[in-house]
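One file, input_29.csv, is given below (CSV, C-alpha atoms).
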```csv
chain,number,residue,atom,x,y,z
M,23,MET,CA,-18.5,13.5,15.1
M,24,SER,CA,-21.3,16.1,14.6
M,25,LEU,CA,-21.9,18.8,17.3
M,26,PRO,CA,-25.3,20.1,18.4
M,27,ALA,CA,-26.3,23.3,16.6
M,28,PRO,CA,-25.7,26.4,18.9
M,29,ALA,CA,-28.3,29.1,19.3
M,30,LEU,CA,-26.1,31.6,17.6
M,31,PRO,CA,-23.6,30.8,14.8
M,32,PRO,CA,-20.1,30.9,16.1
M,33,ALA,CA,-17.1,32.1,14.2
M,34,PRO,CA,-15.7,29.3,12.0
M,35,PRO,CA,-12.9,27.3,13.6
M,36,PRO,CA,-9.5,27.2,12.0
M,37,ALA,CA,-9.3,25.4,8.7
M,38,ALA,CA,-6.9,22.7,10.0
M,39,HIS,CA,-9.4,21.7,12.6
M,40,VAL,CA,-12.3,21.7,10.2
M,41,HIS,CA,-10.6,19.7,7.5
M,42,GLY,CA,-8.3,17.5,9.6
M,43,HIS,CA,-11.0,15.1,10.8
M,44,ASN,CA,-12.8,14.7,7.5
M,45,ARG,CA,-9.6,14.4,5.6
M,46,GLU,CA,-8.4,11.7,7.9
M,47,LEU,CA,-11.6,9.7,7.8
M,48,TYR,CA,-12.0,9.6,4.0
M,49,ILE,CA,-8.4,8.7,3.3
M,50,ASP,CA,-8.4,6.0,5.9
M,51,ALA,CA,-11.7,4.7,4.5
M,52,PHE,CA,-10.0,4.6,1.1
M,53,ARG,CA,-7.1,2.7,2.5
M,54,GLY,CA,-9.5,0.4,4.3
M,55,LEU,CA,-11.3,-0.3,1.1
M,56,MET,CA,-8.1,-1.1,-0.7
M,57,ALA,CA,-7.0,-3.4,2.1
M,58,LEU,CA,-10.3,-5.3,2.1
M,59,VAL,CA,-10.2,-5.9,-1.7
M,60,MET,CA,-6.6,-6.9,-1.4
M,61,VAL,CA,-7.6,-9.5,1.3
M,62,GLN,CA,-10.4,-10.8,-0.9
M,63,GLY,CA,-8.0,-11.1,-3.9
M,64,HIS,CA,-5.3,-12.9,-1.9
M,65,LEU,CA,-7.9,-15.3,-0.4
M,66,CYS,CA,-9.3,-16.1,-3.8
M,67,ASP,CA,-5.8,-16.7,-5.3
M,68,HIS,CA,-4.8,-18.9,-2.5
M,69,LEU,CA,-7.9,-20.9,-1.6
M,70,LEU,CA,-9.8,-21.3,-4.8
M,71,SER,CA,-9.5,-24.6,-6.6
M,72,PRO,CA,-8.2,-24.8,-10.2
M,73,ALA,CA,-11.7,-25.4,-11.4
M,74,ALA,CA,-13.0,-22.3,-9.7
M,75,ARG,CA,-10.1,-20.2,-11.0
M,76,ALA,CA,-11.1,-21.2,-14.5
M,77,LEU,CA,-14.5,-19.6,-14.2
M,78,GLY,CA,-15.4,-16.2,-15.6
M,79,LEU,CA,-16.2,-15.0,-12.1
M,80,TYR,CA,-12.6,-15.4,-11.0
M,81,GLN,CA,-11.4,-13.4,-14.0
M,82,PHE,CA,-14.0,-10.7,-13.2
M,83,GLN,CA,-12.8,-10.3,-9.6
M,84,ALA,CA,-9.1,-10.3,-10.8
M,85,MET,CA,-9.8,-7.1,-12.8
M,86,PHE,CA,-10.5,-5.3,-9.5
M,87,HIS,CA,-7.8,-7.1,-7.6
M,88,GLY,CA,-5.2,-5.8,-10.0
M,89,SER,CA,-5.6,-2.2,-8.8
M,90,THR,CA,-5.7,-2.8,-5.1
M,91,ALA,CA,-1.9,-3.0,-4.7
M,92,PRO,CA,-1.4,0.3,-6.6
M,93,GLY,CA,-4.2,1.7,-4.5
M,94,PHE,CA,-2.4,0.5,-1.3
M,95,LEU,CA,0.8,2.2,-2.5
M,96,PHE,CA,-1.0,5.4,-3.6
M,97,ALA,CA,-2.8,5.7,-0.3
M,98,SER,CA,0.4,5.3,1.7
M,99,GLY,CA,2.0,8.1,-0.3
M,100,PHE,CA,-1.2,10.3,0.1
M,101,VAL,CA,-0.9,10.1,3.9
M,102,ALA,CA,2.8,10.9,3.8
M,103,GLY,CA,2.1,14.0,1.6
M,104,LEU,CA,-0.3,15.6,4.1
M,105,PRO,CA,2.1,17.1,6.6
M,106,ARG,CA,3.8,20.3,5.7
M,107,ALA,CA,7.3,19.7,4.4
M,108,PRO,CA,10.2,19.8,4.9
M,109,LEU,CA,9.7,18.2,8.3
M,110,SER,CA,11.9,19.1,11.3
M,111,TRP,CA,15.0,17.0,11.9
M,112,LYS,CA,13.3,15.2,14.8
M,113,ALA,CA,10.2,14.5,12.8
M,114,SER,CA,12.2,13.3,9.8
M,115,VAL,CA,14.1,10.8,12.0
M,116,ARG,CA,10.8,9.5,13.4
M,117,ARG,CA,9.4,9.0,10.0
M,118,ALA,CA,12.6,7.4,8.7
M,119,ARG,CA,12.5,5.0,11.6
M,120,ARG,CA,8.9,4.0,10.9
M,121,ILE,CA,9.7,3.5,7.2
M,122,LEU,CA,12.7,1.3,8.0
M,123,PHE,CA,10.5,-0.7,10.3
M,124,VAL,CA,8.0,-1.3,7.4
M,125,MET,CA,10.8,-2.4,5.2
M,126,ALA,CA,12.1,-4.8,7.9
M,127,VAL,CA,8.6,-6.3,8.2
M,128,GLY,CA,8.5,-6.7,4.4
M,129,TYR,CA,11.6,-8.9,4.5
M,130,ALA,CA,10.6,-10.8,7.6
M,131,LEU,CA,7.4,-11.9,5.8
M,132,HIS,CA,9.5,-13.6,3.2
M,133,LEU,CA,12.0,-15.4,5.4
M,134,PRO,CA,12.4,-19.1,4.5
M,135,TYR,CA,13.8,-20.0,7.9
M,136,PHE,CA,13.8,-18.5,11.3
M,137,SER,CA,17.6,-18.5,11.4
M,138,LEU,CA,20.2,-16.4,9.5
M,139,ALA,CA,22.7,-19.2,9.5
M,140,LYS,CA,20.2,-21.7,7.9
M,141,THR,CA,18.9,-19.1,5.5
M,142,MET,CA,22.5,-18.4,4.2
M,143,SER,CA,23.6,-22.1,4.1
M,144,GLN,CA,20.4,-23.9,3.1
M,145,GLY,CA,18.2,-21.3,1.3
M,146,SER,CA,17.4,-22.5,-2.2
M,147,PRO,CA,17.7,-20.1,-5.2
M,148,ALA,CA,13.8,-20.0,-5.3
M,149,GLU,CA,13.7,-19.2,-1.5
M,150,LEU,CA,16.3,-16.5,-1.9
M,151,ARG,CA,14.5,-14.9,-4.8
M,152,ALA,CA,11.3,-14.8,-2.7
M,153,LEU,CA,13.2,-13.3,0.3
M,154,PHE,CA,14.8,-10.5,-1.7
M,155,ALA,CA,11.7,-9.8,-4.0
M,156,CYS,CA,10.5,-6.3,-4.0
M,157,ASP,CA,7.0,-6.6,-2.6
M,158,ALA,CA,4.5,-3.9,-1.6
M,159,LEU,CA,6.1,-2.9,1.7
M,160,GLN,CA,9.6,-2.6,0.2
M,161,ALA,CA,8.2,-0.5,-2.6
M,162,ILE,CA,6.5,1.8,-0.1
M,163,ALA,CA,9.5,2.1,2.1
M,164,VAL,CA,12.1,2.9,-0.6
M,165,SER,CA,9.8,5.4,-2.3
M,166,GLN,CA,8.9,7.2,0.9
M,167,LEU,CA,12.6,7.4,1.9
M,168,VAL,CA,13.3,9.0,-1.5
M,169,VAL,CA,10.4,11.5,-0.9
M,170,LEU,CA,11.9,12.3,2.5
M,171,ALA,CA,15.3,13.0,0.9
M,172,ILE,CA,13.7,15.1,-1.8
M,173,GLN,CA,11.9,17.2,0.8
M,174,TRP,CA,15.2,18.0,2.5
M,175,MET,CA,17.0,18.7,-0.7
M,176,VAL,CA,14.6,21.1,-2.4
M,177,GLY,CA,12.4,22.3,0.4
M,178,ARG,CA,9.0,23.7,-0.5
M,179,ARG,CA,9.4,22.7,-4.2
M,180,TRP,CA,9.4,19.0,-3.3
M,181,THR,CA,6.0,18.4,-4.9
M,182,LEU,CA,7.3,19.5,-8.3
M,183,ALA,CA,10.5,17.4,-8.0
M,184,THR,CA,8.6,14.4,-6.8
M,185,GLY,CA,6.0,14.7,-9.5
M,186,LEU,CA,8.7,14.9,-12.2
M,187,LEU,CA,10.4,11.8,-10.6
M,188,ALA,CA,7.1,9.9,-10.8
M,189,VAL,CA,6.8,10.7,-14.5
M,190,ALA,CA,10.4,9.7,-15.1
M,191,VAL,CA,9.8,6.3,-13.4
M,192,ILE,CA,6.7,5.7,-15.5
M,193,ALA,CA,8.4,6.7,-18.7
M,194,ALA,CA,11.5,4.6,-18.0
M,195,GLY,CA,9.6,1.5,-16.9
M,196,PRO,CA,9.5,-0.3,-20.3
M,197,ALA,CA,13.2,0.3,-21.0
M,198,VAL,CA,14.2,-0.8,-17.5
M,199,TRP,CA,12.3,-4.0,-17.9
M,200,ASP,CA,13.7,-4.7,-21.3
M,201,ALA,CA,17.3,-4.2,-19.9
M,202,ARG,CA,16.7,-7.1,-17.4
M,203,LEU,CA,18.7,-5.3,-14.7
M,204,SER,CA,17.6,-7.7,-12.1
M,205,GLU,CA,19.7,-10.4,-13.7
M,206,ARG,CA,22.8,-8.2,-13.9
M,207,TRP,CA,22.8,-6.9,-10.4
M,208,PRO,CA,23.1,-8.7,-7.1
M,209,LEU,CA,19.7,-10.2,-6.2
M,210,ALA,CA,19.1,-8.0,-3.2
M,211,ILE,CA,19.4,-4.9,-5.4
M,212,GLY,CA,18.4,-6.1,-8.8
M,213,SER,CA,15.0,-7.3,-7.5
M,214,TYR,CA,13.9,-3.7,-7.2
M,215,PHE,CA,14.0,-3.0,-11.0
M,216,ASP,CA,11.8,-5.6,-12.7
M,217,VAL,CA,9.8,-8.8,-12.4
M,218,ASN,CA,12.3,-11.2,-13.9
M,219,THR,CA,13.5,-12.6,-10.5
M,220,GLY,CA,10.1,-12.8,-8.9
M,221,SER,CA,9.3,-9.3,-7.6
M,222,HIS,CA,5.6,-8.5,-7.7
M,223,PHE,CA,5.9,-4.7,-7.2
M,224,PRO,CA,9.3,-3.5,-8.5
M,225,LEU,CA,10.0,0.2,-8.3
M,226,PHE,CA,9.4,0.5,-12.0
M,227,PRO,CA,6.6,1.4,-12.3
M,228,PHE,CA,5.1,0.9,-8.8
M,229,ALA,CA,7.2,3.6,-7.0
M,230,ALA,CA,5.3,6.0,-9.2
M,231,PHE,CA,2.1,5.2,-7.3
M,232,VAL,CA,3.7,6.2,-4.0
M,233,LEU,CA,5.4,9.3,-5.4
M,234,ALA,CA,2.2,10.4,-7.1
M,235,GLY,CA,0.3,9.7,-3.9
M,236,THR,CA,2.5,12.1,-1.9
M,237,VAL,CA,2.0,14.8,-4.5
M,238,ALA,CA,-1.8,14.2,-4.4
M,239,GLY,CA,-1.7,14.4,-0.6
M,240,ALA,CA,-0.1,17.8,-0.7
M,241,ALA,CA,-2.0,19.2,-3.7
M,242,VAL,CA,-5.5,17.7,-3.0
M,243,GLY,CA,-5.6,16.4,0.5
M,244,ARG,CA,-4.8,19.7,2.2
M,245,GLN,CA,-7.6,21.6,0.4
M,246,GLU,CA,-11.1,22.4,1.7
M,247,PRO,CA,-13.7,19.8,0.6
M,248,GLY,CA,-15.1,21.5,-2.5
M,249,LYS,CA,-11.7,22.5,-3.9
M,250,ARG,CA,-10.3,19.0,-3.0
M,251,ARG,CA,-13.0,17.2,-4.9
M,252,ARG,CA,-12.8,19.5,-8.0
M,253,ARG,CA,-9.0,18.9,-8.1
M,254,ALA,CA,-9.4,15.2,-7.7
M,255,LEU,CA,-12.0,15.0,-10.5
M,256,ARG,CA,-10.0,17.1,-12.9
M,257,ALA,CA,-6.8,15.3,-12.2
M,258,GLY,CA,-8.4,11.9,-12.4
M,259,LEU,CA,-10.1,12.5,-15.7
M,260,ALA,CA,-6.9,14.1,-17.2
M,261,LEU,CA,-4.7,11.1,-16.2
M,262,ILE,CA,-7.2,8.7,-17.7
M,263,ALA,CA,-7.4,10.7,-20.9
M,264,LEU,CA,-3.6,10.9,-21.0
M,265,GLY,CA,-3.2,7.2,-20.6
M,266,TRP,CA,-5.9,6.5,-23.3
M,267,ALA,CA,-4.2,8.9,-25.7
M,268,LEU,CA,-0.7,7.3,-25.1
M,269,GLU,CA,-2.1,3.9,-25.8
M,270,VAL,CA,-4.1,4.8,-28.9
M,271,PHE,CA,-1.6,7.2,-30.6
M,272,TRP,CA,1.8,5.9,-29.5
M,273,LEU,CA,2.2,2.9,-27.3
M,274,GLY,CA,-0.4,0.5,-28.7
M,275,GLY,CA,1.2,-2.6,-30.0
M,276,ARG,CA,4.7,-1.4,-28.9
M,277,VAL,CA,4.4,-1.9,-25.1
M,278,PHE,CA,2.3,-4.6,-23.4
M,279,PHE,CA,-0.6,-2.7,-22.0
M,280,TRP,CA,-1.3,-4.8,-18.9
M,281,GLY,CA,2.3,-4.7,-17.6
M,282,VAL,CA,4.7,-1.8,-17.4
M,283,SER,CA,2.9,0.3,-20.0
M,284,PRO,CA,2.9,4.1,-19.1
M,285,ALA,CA,-0.6,4.2,-20.5
M,286,TYR,CA,-1.9,1.6,-18.1
M,287,THR,CA,-0.1,3.3,-15.2
M,288,PHE,CA,-1.6,6.7,-15.9
M,289,ILE,CA,-5.1,5.2,-16.3
M,290,ARG,CA,-4.8,3.4,-13.0
M,291,LEU,CA,-3.6,6.6,-11.3
M,292,GLY,CA,-6.6,8.5,-12.7
M,293,ALA,CA,-9.0,5.7,-11.7
M,294,LEU,CA,-7.6,5.7,-8.1
M,295,LEU,CA,-8.2,9.5,-7.8
M,296,LEU,CA,-11.8,9.0,-8.9
M,297,VAL,CA,-12.3,6.2,-6.4
M,298,LEU,CA,-10.8,8.4,-3.7
M,299,LEU,CA,-13.2,11.1,-4.8
M,300,LEU,CA,-16.1,8.7,-4.5
M,301,VAL,CA,-15.1,7.6,-1.1
M,302,ASP,CA,-14.8,11.2,0.0
M,303,ILE,CA,-18.3,12.1,-1.3
M,304,VAL,CA,-19.8,9.0,0.3
M,305,GLY,CA,-18.0,9.8,3.6
M,306,GLN,CA,-19.9,13.1,3.9
M,307,ARG,CA,-22.8,11.2,5.4
M,308,GLU,CA,-20.7,8.6,7.2
M,309,PRO,CA,-22.9,5.6,6.2
M,310,PRO,CA,-23.0,2.5,8.4
M,311,GLY,CA,-19.6,0.7,8.4
M,312,PHE,CA,-17.7,3.8,7.2
M,313,ARG,CA,-15.8,4.3,10.4
M,314,ALA,CA,-15.1,0.6,10.7
M,315,LEU,CA,-13.6,0.8,7.2
M,316,ALA,CA,-11.6,3.8,8.2
M,317,LEU,CA,-10.3,1.9,11.3
M,318,LEU,CA,-9.0,-0.9,9.0
M,319,GLY,CA,-7.4,1.7,6.9
M,320,ARG,CA,-5.7,3.4,9.8
M,321,GLU,CA,-4.1,0.0,10.7
M,322,THR,CA,-3.3,-1.2,7.2
M,323,LEU,CA,0.1,-2.6,8.2
M,324,LEU,CA,-1.4,-4.8,10.9
M,325,VAL,CA,-4.2,-5.9,8.5
M,326,PHE,CA,-1.6,-6.6,5.7
M,327,VAL,CA,0.6,-8.7,8.0
M,328,LEU,CA,-2.2,-10.5,9.8
M,329,HIS,CA,-4.1,-11.6,6.7
M,330,LEU,CA,-0.9,-13.0,5.2
M,331,GLN,CA,-0.2,-15.0,8.3
M,332,LEU,CA,-3.7,-16.4,8.4
M,333,LEU,CA,-3.5,-17.4,4.7
M,334,TYR,CA,0.1,-18.4,4.2
M,335,GLY,CA,1.7,-18.6,7.6
M,336,GLY,CA,5.4,-17.7,8.2
M,337,VAL,CA,8.5,-18.7,9.9
M,338,LEU,CA,6.9,-18.5,13.4
M,339,ALA,CA,3.7,-20.5,12.7
M,340,ALA,CA,1.7,-22.2,10.0
M,341,GLY,CA,-1.3,-20.4,8.5
M,342,PRO,CA,-4.6,-21.6,9.9
M,343,LEU,CA,-6.1,-21.5,6.4
M,344,GLN,CA,-3.1,-23.1,4.6
M,345,PRO,CA,-4.6,-26.6,4.6
M,346,LEU,CA,-7.4,-25.3,2.5
M,347,ALA,CA,-5.2,-23.9,-0.3
M,348,GLY,CA,-6.5,-24.7,-3.7
M,349,ARG,CA,-9.4,-26.7,-2.4
M,350,LEU,CA,-12.4,-24.3,-2.1
M,351,GLY,CA,-15.2,-23.2,-4.4
M,352,PHE,CA,-16.5,-19.6,-4.5
M,353,GLY,CA,-19.1,-20.3,-1.8
M,354,ALA,CA,-16.7,-21.7,0.7
M,355,ALA,CA,-14.1,-19.0,-0.1
M,356,ALA,CA,-16.8,-16.4,0.6
M,357,VAL,CA,-17.5,-18.0,4.0
M,358,ALA,CA,-13.8,-17.9,4.8
M,359,LEU,CA,-13.6,-14.2,3.8
M,360,VAL,CA,-16.6,-13.3,6.0
M,361,ALA,CA,-15.0,-15.1,8.9
M,362,MET,CA,-11.7,-13.4,8.4
M,363,ILE,CA,-12.9,-9.8,8.3
M,364,PRO,CA,-14.1,-9.7,12.0
M,365,VAL,CA,-10.8,-11.1,13.0
M,366,LEU,CA,-8.9,-8.4,11.2
M,367,PHE,CA,-11.3,-5.7,12.5
M,368,VAL,CA,-10.9,-6.8,16.2
M,369,ALA,CA,-7.2,-7.0,15.9
M,370,ALA,CA,-7.1,-3.5,14.3
M,371,TRP,CA,-9.5,-2.1,17.0
M,372,LEU,CA,-7.4,-3.6,19.9
M,373,TRP,CA,-4.1,-2.3,18.5
M,374,HIS,CA,-5.6,1.2,17.7
M,375,ARG,CA,-7.0,1.4,21.2
M,376,LEU,CA,-3.7,0.4,22.8
M,377,LYS,CA,-1.9,3.1,20.7
M,378,SER,CA,-4.5,5.7,21.6
M,379,ARG,CA,-4.5,5.0,25.4
M,380,ALA,CA,-0.9,4.0,25.9
M,381,PRO,CA,1.2,5.2,23.0
M,382,HIS,CA,4.5,4.9,24.9
M,383,GLU,CA,3.7,1.3,26.0
M,384,ALA,CA,2.7,0.4,22.4
M,385,THR,CA,6.0,1.7,21.1
M,386,LEU,CA,7.9,-0.3,23.8
M,387,LEU,CA,5.9,-3.4,22.8
M,388,LEU,CA,6.9,-3.0,19.2
M,389,VAL,CA,10.5,-2.4,20.1
M,390,PHE,CA,10.6,-5.5,22.4
M,391,LEU,CA,9.0,-7.8,19.8
M,392,GLY,CA,11.2,-6.5,17.0
M,393,THR,CA,14.4,-6.9,19.1
M,394,ALA,CA,13.4,-10.4,20.3
M,395,PHE,CA,12.6,-11.4,16.7
M,396,ALA,CA,16.0,-10.0,15.4
M,397,PHE,CA,18.0,-11.6,18.3
M,398,GLU,CA,16.4,-15.0,17.7
M,399,PHE,CA,16.9,-14.8,14.0
M,400,LEU,CA,20.6,-13.8,14.3
M,401,THR,CA,21.6,-16.2,17.0
M,402,ARG,CA,19.6,-19.4,16.2
M,403,PRO,CA,22.0,-21.9,14.6
M,404,TRP,CA,19.2,-23.8,12.7
```
Serialized structure, structure tokens:
Amino acid sequence: MSLPAPALPPAPPPAAHVHGHNRELYIDAFRGLMALVMVQGHLCDHLLSPAARALGLYQFQAMFHGSTAPGFLFASGFVAGLPRAPLSWKASVRRARRILFVMAVGYALHLPYFSLAKTMSQGSPAELRALFACDALQAIAVSQLVVLAIQWMVGRRWTLATGLLAVAVIAAGPAVWDARLSERWPLAIGSYFDVNTGSHFPLFPFAAFVLAGTVAGAAVGRQEPGKRRRRALRAGLALIALGWALEVFWLGGRVFFWGVSPAYTFIRLGALLLVLLLVDIVGQREPPGFRALALLGRETLLVFVLHLQLLYGGVLAAGPLQPLAGRLGFGAAAVALVAMIPVLFVAAWLWHRLKSRAPHEATLLLVFLGTAFAFEFLTRPW
């Protein structure tokens, strides 16, 4: 929000006040952009007919959709890296509680039945693989718990330790996938290592996007705008150059580029930094719709869960759009997307307003809903 110019120039306010609002707005707008492209990609994957998916237009949009999940992970880490660390014990417990809630939501989205007894006795191998798959929320939760532990263990040097861990995850990815650890460990654990049991976002290499995001949040997000943008530009170009050099001079032909290749991971990290920089620059003028995009980004968990329920449904209700799966052309899918976005925005606005005006009541509502869900799941015989 801009203030009217005073007659005399006042002393500059503290840096945290100056930068806090703009930093929050541009990073939330980046998260909102990633969320919207993610929704568009999921909608196209689920609703388009086989004939539509065979067209070049589908392949073109798939190129962009492939980086939305890494962007989603990177942005979650970026926000986690903004506060000064290590956090106090009380703040660490609060963050750990939120992270565990995110993980619980991730598993709840994959439940085959709304009954623990039925899931254990009747769940098919395919349903159990889907239940224990490492999806975006699980990757975010585990990675952020690791960052929290690193912050407590090494204190102010946590950014160096986290950055080194991110590089180690990227470098080890091809060997971990080749070892097929998911088939050697119990499903609930092995799913975190590779894609062989159906995980879409195993920790190798996707934890690196969260870990790198936290380092970027600390090293880039805390800076004044000019320095922040210079650092983002240099780091983004350097990561892209590093990925290109790895592919051309070392990994080309040895590691599949579009999978777990370190070259591809570094290039995507660099590209995400450049997109973040672009959103930051555009946000200076706050064009129409920018704050709406930031609102969606602030409530990404709600947007993530709600759009999946609308498309696929879950154990509580069928998805309203599920009957249209695999039946639409691009025009009808575009209409469905345009109709879905206002629903997501209104839900995000209502929930954000409730949290802002009655934070204690909003927390109690989440606790009540979570407790009721868990009680029903644990006690229902079928």
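Minimum distance to M:Leu159 across M:Ser137, M:Val327, M:Leu259, M:Phe279 (counting all atoms listed in the file) occurs at M:Val327.
If you look at atom CA of M:Leu298 and atom CA of M:Tyr48, they are 7.9 Å away from each other.
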Nearest-residue call for M:Arg250, choices M:Ala73, M:Val282, M:Leu299, M:Ala229, using all atoms listed in the file: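 Checking each candidate against M:Arg250, we get M:Leu299 as the closest.
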Near-M:Leu150 list (12 Å; all atoms listed in the file; drop same-chain fewer than 4 positions) as an mmCIF file with C-alpha atoms, in the frame of the given file:
```cif
data_model
loop_
_atom_site.group_PDB
_atom_site.id
_atom_site.type_symbol
_atom_site.label_atom_id
_atom_site.label_comp_id
_atom_site.auth_asym_id
_atom_site.auth_seq_id
_atom_site.Cartn_x
_atom_site.Cartn_y
_atom_site.Cartn_z
ATOM 1 C CA TYR M 129 11.600 -8.900 4.500
ATOM 2 C CA HIS M 132 9.500 -13.600 3.200
ATOM 3 C CA LEU M 133 12.000 -15.400 5.400
ATOM 4 C CA PRO M 134 12.400 -19.100 4.500
ATOM 5 C CA TYR M 135 13.800 -20.000 7.900
ATOM 6 C CA LYS M 140 20.200 -21.700 7.900
ATOM 7 C CA THR M 141 18.900 -19.100 5.500
ATOM 8 C CA MET M 142 22.500 -18.400 4.200
ATOM 9 C CA SER M 143 23.600 -22.100 4.100
ATOM 10 C CA GLN M 144 20.400 -23.900 3.100
ATOM 11 C CA GLY M 145 18.200 -21.300 1.300
ATOM 12 C CA SER M 146 17.400 -22.500 -2.200
ATOM 13 C CA PHE M 154 14.800 -10.500 -1.700
ATOM 14 C CA ALA M 155 11.700 -9.800 -4.000
ATOM 15 C CA CYS M 156 10.500 -6.300 -4.000
ATOM 16 C CA PRO M 208 23.100 -8.700 -7.100
ATOM 17 C CA LEU M 209 19.700 -10.200 -6.200
ATOM 18 C CA ALA M 210 19.100 -8.000 -3.200
ATOM 19 C CA SER M 213 15.000 -7.300 -7.500
ATOM 20 C CA THR M 219 13.500 -12.600 -10.500
ATOM 21 C CA GLY M 220 10.100 -12.800 -8.900
ATOM 22 C CA SER M 221 9.300 -9.300 -7.600
#
```
Nearest residue to M:Ser283 from the set M:Arg320, M:Arg256, M:Leu295, M:Leu268 (distances using all atoms listed in the file):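 Looking only at the distances to M:Ser283, the closest residue turns out to be M:Leu268.
With atom CA of M:Val389 on one side and atom CA of M:Val127 on the other, the separation reads 12.7 Å.
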Residue nearest M:Gly235 among M:Ala188, M:Ala370, M:Leu167, M:Leu343 (counting only C-alpha atoms): M:Ala188
Atom-to-atom span, atom CA of M:Gly54 and atom CA of M:Leu261, Å: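 So the two atoms, atom CA of M:Gly54 and atom CA of M:Leu261, lie 23.6 Å apart.
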Residue with smallest distance to M:Asp67 - pool M:Ala84, M:Ile363, M:Val189, M:Val164, counting all atoms listed in the file: M:Ala84
Of the listed residues M:Gly341, M:Leu255, M:Gly311, M:Leu47, that which approaches M:Leu296 most closely, counting all atoms listed in the file: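 Looking only at the distances to M:Leu296, the closest residue turns out to be M:Leu255.
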Expected residue set, 9 Å radius at (9.6, -14.1, 14.5), only C-alpha atoms, as a list in words: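 Taken together, the residues in range are Ala130, Phe136, Gly336, Val337, Leu338, Ala339, Leu391, Gly392, Ala394, Phe395, Ala396, Glu398 and Phe399 of chain M.
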Distance query 12 Å from (8.6, 2.2, -21.9) using only C-alpha atoms, result as a PyMOL selection string: chain M and resi 189-201+226-227+268-269+272-279+281-287
Expected file contents, prior selection, C-alpha atoms, as a PDB file, in the coordinates of the input:
```
ATOM      1  CA  VAL M 189       6.800  10.700 -14.500  1.00  0.00           C
ATOM      2  CA  ALA M 190      10.400   9.700 -15.100  1.00  0.00           C
ATOM      3  CA  VAL M 191       9.800   6.300 -13.400  1.00  0.00           C
ATOM      4  CA  ILE M 192       6.700   5.700 -15.500  1.00  0.00           C
ATOM      5  CA  ALA M 193       8.400   6.700 -18.700  1.00  0.00           C
ATOM      6  CA  ALA M 194      11.500   4.600 -18.000  1.00  0.00           C
ATOM      7  CA  GLY M 195       9.600   1.500 -16.900  1.00  0.00           C
ATOM      8  CA  PRO M 196       9.500  -0.300 -20.300  1.00  0.00           C
ATOM      9  CA  ALA M 197      13.200   0.300 -21.000  1.00  0.00           C
ATOM     10  CA  VAL M 198      14.200  -0.800 -17.500  1.00  0.00           C
ATOM     11  CA  TRP M 199      12.300  -4.000 -17.900  1.00  0.00           C
ATOM     12  CA  ASP M 200      13.700  -4.700 -21.300  1.00  0.00           C
ATOM     13  CA  ALA M 201      17.300  -4.200 -19.900  1.00  0.00           C
ATOM     14  CA  PHE M 226       9.400   0.500 -12.000  1.00  0.00           C
ATOM     15  CA  PRO M 227       6.600   1.400 -12.300  1.00  0.00           C
ATOM     16  CA  LEU M 268      -0.700   7.300 -25.100  1.00  0.00           C
ATOM     17  CA  GLU M 269      -2.100   3.900 -25.800  1.00  0.00           C
ATOM     18  CA  TRP M 272       1.800   5.900 -29.500  1.00  0.00           C
ATOM     19  CA  LEU M 273       2.200   2.900 -27.300  1.00  0.00           C
ATOM     20  CA  GLY M 274      -0.400   0.500 -28.700  1.00  0.00           C
ATOM     21  CA  GLY M 275       1.200  -2.600 -30.000  1.00  0.00           C
ATOM     22  CA  ARG M 276       4.700  -1.400 -28.900  1.00  0.00           C
ATOM     23  CA  VAL M 277       4.400  -1.900 -25.100  1.00  0.00           C
ATOM     24  CA  PHE M 278       2.300  -4.600 -23.400  1.00  0.00           C
ATOM     25  CA  PHE M 279      -0.600  -2.700 -22.000  1.00  0.00           C
ATOM     26  CA  GLY M 281       2.300  -4.700 -17.600  1.00  0.00           C
ATOM     27  CA  VAL M 282       4.700  -1.800 -17.400  1.00  0.00           C
ATOM     28  CA  SER M 283       2.900   0.300 -20.000  1.00  0.00           C
ATOM     29  CA  PRO M 284       2.900   4.100 -19.100  1.00  0.00           C
ATOM     30  CA  ALA M 285      -0.600   4.200 -20.500  1.00  0.00           C
ATOM     31  CA  TYR M 286      -1.900   1.600 -18.100  1.00  0.00           C
ATOM     32  CA  THR M 287      -0.100   3.300 -15.200  1.00  0.00           C
TER      33      THR M 287
END
```
List as a CSV table (one decimal) with C-alpha atoms, keeping the file's coordinate frame the protein and nucleic acid residues near M:Leu79, meaning an atom at most 12 Å away when only C-alpha atoms are counted, but skip any in the same chain fewer than 6 places from it.
```csv
chain,number,residue,atom,x,y,z
M,66,CYS,CA,-9.3,-16.1,-3.8
M,70,LEU,CA,-9.8,-21.3,-4.8
M,73,ALA,CA,-11.7,-25.4,-11.4
M,85,MET,CA,-9.8,-7.1,-12.8
M,86,PHE,CA,-10.5,-5.3,-9.5
M,351,GLY,CA,-15.2,-23.2,-4.4
M,352,PHE,CA,-16.5,-19.6,-4.5
M,353,GLY,CA,-19.1,-20.3,-1.8
```
